[in-house]
Amino acid sequence: MRPRRLRQSPALRRMVRETTVTIADVIYPLFVRPGHDLQIPIRSLPGQSQWSIDRLMREVTECADLGIPAVMLFGIPDHKDALGSDNWSPDGIVPSAIRAIKRDVPEMVVISDMCLCEYTDHGHCGEINHADSCNFNAALPNGYLLNDATLELLARSSVAHAEAGADVIAPSGMIDGMVGTIRAALDGAGFEHVLIMSYAVKYASSFYGPFREAAESPPQFGDRSQYQMDPGNRREALKEAALDVAEGADVIMVKPALPYLDVLSDVRGAYDVPVAAYQVSGEYAMLHAAAANGWLDLERTARETLTGIKRAGADMILTYFAKDVARWGNA
Ligand SMILES: [Zn+2]
């Protein structure tokens, strides 16, 4: 046997390549904020910006022209409060952006990130147990995230985003029961056709650092390890995925991607639903930083990471490299 026979020319290598990342595999995360004619570059995510809705439309139109099938929206509201009310207001920043995209670029699949941390003044993913919170429970610790009270807020917000035209609701808070609650709320409001892409397996990762600058959403106290998964746990990922599949998730996600390829592969093998992986802000930023120093070739390393993520089992990849994938082609 001489396996090298299959590697001797670019054409032969292309013919036997098992995994190729194409533009149909990627989803582009976008940050939207109130205002007019705004494009505010995000320092720690080179090439990424916060957009006002008018400028976002140009960006989404360009994405559609490049062949990007879907965008994921994150909102930066003007107003934050204890319950994150901007998330379910029909005039909130994300519902407004969804309506604008579905009006101007109706073929674009709009995925709405569904969490409260971008909208709460404390930066946590739901209602917090506190003496003056409306659902205060003296038996629970101060500062504890109130699971079931938060589910009600997620249900209300999901219906608001579906009313605005979202194709997919993507609950990201790792709140127990979030998928079942959102499915029931959507069905109850007549939105049986709206998909749920669950952040089923989301780790409490340090690779989210640049995102928190981008979304202006760092927790004001503590961290999110009460509800996000511990990086040392692999079996537990299958338990989390099983719950979300049973509750009706149409797509399940593993996040981050590169440090969790074993988990991604496990989840892919265990379930028949499509699996998404999120190449998070820190994964993107570290490649850019190394390339800016001349230490790595950005295109080659980025393509290699995306190929690895797909090879491990991702059917779709949320990545800040989405537009680059289009420019690079499939060579
Ligand atoms: Zn959150």
# chains A, B, ... in the order shown; residues from 1 in each chain; ligands from 1
$ closest_atom_pairs --of "chain A" --to "ligand 1" --cutoff "12 Å" --atoms "only C-alpha atoms and all ligand atoms" --output "Markdown table"
| residue | atom | partner | partner_atom_place_in_ligand_line | distance |
| --- | --- | --- | --- | --- |
| A:Phe74 | CA | ligand 1 | 1 (Zn) | 10.7 |
| A:Gly75 | CA | ligand 1 | 1 (Zn) | 11.7 |
| A:Gly84 | CA | ligand 1 | 1 (Zn) | 10.7 |
| A:Asn87 | CA | ligand 1 | 1 (Zn) | 11.8 |
| A:Asp113 | CA | ligand 1 | 1 (Zn) | 9.1 |
| A:Met114 | CA | ligand 1 | 1 (Zn) | 7.9 |
| A:Cys115 | CA | ligand 1 | 1 (Zn) | 4.7 |
| A:Leu116 | CA | ligand 1 | 1 (Zn) | 5.5 |
| A:Cys117 | CA | ligand 1 | 1 (Zn) | 4.2 |
| A:Glu118 | CA | ligand 1 | 1 (Zn) | 6.9 |
| A:Tyr119 | CA | ligand 1 | 1 (Zn) | 9.1 |
| A:Thr120 | CA | ligand 1 | 1 (Zn) | 9.4 |
| A:His122 | CA | ligand 1 | 1 (Zn) | 11.1 |
| A:Gly123 | CA | ligand 1 | 1 (Zn) | 7.8 |
| A:His124 | CA | ligand 1 | 1 (Zn) | 6.2 |
| A:Cys125 | CA | ligand 1 | 1 (Zn) | 3.9 |
| A:Gly126 | CA | ligand 1 | 1 (Zn) | 7.5 |
| A:Glu127 | CA | ligand 1 | 1 (Zn) | 11.1 |
| A:Leu145 | CA | ligand 1 | 1 (Zn) | 11.2 |
| A:Thr150 | CA | ligand 1 | 1 (Zn) | 11.0 |
| A:Leu154 | CA | ligand 1 | 1 (Zn) | 10.9 |
| A:Ala170 | CA | ligand 1 | 1 (Zn) | 11.2 |
| A:Pro171 | CA | ligand 1 | 1 (Zn) | 8.7 |
| A:Ser172 | CA | ligand 1 | 1 (Zn) | 6.0 |
| A:Gly173 | CA | ligand 1 | 1 (Zn) | 4.5 |
| A:Met174 | CA | ligand 1 | 1 (Zn) | 8.0 |
| A:Ile175 | CA | ligand 1 | 1 (Zn) | 9.2 |
| A:Tyr199 | CA | ligand 1 | 1 (Zn) | 10.5 |
| A:Lys202 | CA | ligand 1 | 1 (Zn) | 10.5 |
| A:Tyr203 | CA | ligand 1 | 1 (Zn) | 11.9 |
| A:Ala204 | CA | ligand 1 | 1 (Zn) | 11.0 |
| A:Tyr208 | CA | ligand 1 | 1 (Zn) | 11.4 |
| A:Phe211 | CA | ligand 1 | 1 (Zn) | 11.5 |
| A:Arg212 | CA | ligand 1 | 1 (Zn) | 10.5 |
| A:Ala215 | CA | ligand 1 | 1 (Zn) | 10.6 |
| A:Glu216 | CA | ligand 1 | 1 (Zn) | 11.7 |
| A:Ser217 | CA | ligand 1 | 1 (Zn) | 8.5 |
| A:Pro218 | CA | ligand 1 | 1 (Zn) | 9.6 |
| A:Pro219 | CA | ligand 1 | 1 (Zn) | 9.3 |
| A:Asp223 | CA | ligand 1 | 1 (Zn) | 10.8 |
| A:Arg224 | CA | ligand 1 | 1 (Zn) | 8.3 |
| A:Ser225 | CA | ligand 1 | 1 (Zn) | 11.4 |
| A:Gln226 | CA | ligand 1 | 1 (Zn) | 11.9 |
| A:Tyr227 | CA | ligand 1 | 1 (Zn) | 9.7 |
| A:Gln228 | CA | ligand 1 | 1 (Zn) | 9.5 |
$ select_by_dssp --residues "range 85-239 of chain A" --states "strand (DSSP E or B)" --output "short mmCIF file (atom, residue, chain, number, x, y, z; two decimals) with C-alpha atoms, in the first residue's frame"
data_model
loop_
_atom_site.label_atom_id
_atom_site.label_comp_id
_atom_site.auth_asym_id
_atom_site.auth_seq_id
_atom_site.Cartn_x
_atom_site.Cartn_y
_atom_site.Cartn_z
CA VAL A 109 -32.72 32.81 7.29
CA VAL A 110 -32.89 34.92 10.44
CA ILE A 111 -31.83 33.21 13.65
CA SER A 112 -32.55 35.09 16.81
CA ASP A 113 -30.24 34.53 19.76
CA MET A 114 -32.61 34.10 22.67
CA THR A 120 -30.38 42.91 31.79
CA ILE A 128 -31.91 37.08 39.65
CA LEU A 145 -30.63 32.75 38.67
CA VAL A 168 -35.29 30.26 14.09
CA ILE A 169 -35.22 30.92 17.84
CA ALA A 170 -31.89 30.01 19.41
CA PRO A 171 -32.08 29.85 23.21
CA LEU A 195 -37.51 26.29 14.41
CA ILE A 196 -35.60 26.00 17.65
CA MET A 197 -31.82 25.83 17.51
CA SER A 198 -30.76 25.12 21.06
CA TYR A 199 -27.41 26.01 22.56
CA ALA A 200 -27.72 22.57 24.15
CA VAL A 201 -24.09 22.15 25.14
CA LYS A 202 -22.60 25.50 26.13
CA TYR A 203 -19.51 25.61 28.28
CA MET A 229 -21.25 23.63 31.65
#
$ atom_distance --atom1 "CA of Val71 in chain A" --atom2 "CA of Ala24 in chain A"
11.9 Å
$ residues_around --residues "Glu107 in chain A" --least-positions-apart "6" --cutoff "10 Å" --atoms "only C-alpha atoms" --output "PyMOL selection string"
chain A and resi 64+69-70+101
$ residues_around --residues "Pro274 in chain A" --least-positions-apart "6" --cutoff "10 Å" --atoms "only C-alpha atoms" --output "ChimeraX atom specification"
/A:197,249-253,267-268,313-316
$ residues_around --residues "range 282-299 of chain A" --least-positions-apart "5" --cutoff "7 Å" --atoms "only C-alpha atoms" --output "VMD selection string"
chain A and resid 44 to 45 207 to 210 320
$ select_by_dssp --residues "range 125-236 of chain A" --states "helix (DSSP H, G or I)" --output "ChimeraX atom specification"
/A:147-164,178-188,206-215,235-236
$ residues_around --residues "range 310-312 of chain A" --least-positions-apart "4" --cutoff "12 Å" --atoms "only C-alpha atoms" --output "ChimeraX atom specification"
/A:17-22,25-26,254,257-269,274-279,303-306,316-319
$ residues_around --residues "Ala139 in chain A" --least-positions-apart "3" --cutoff "10 Å" --atoms "only C-alpha atoms" --output "NGL selection string"
:A and (129 or 136 or 142)
$ atom_distance --atom1 "CA of Val245 in chain A" --atom2 "CA of Ala184 in chain A"
14.2 Å
$ closest_residue --among "A:Ala155, A:Val179, A:Ile42, A:Val105" --to "Val60 in chain A" --atoms "only C-alpha atoms"
A:Val105
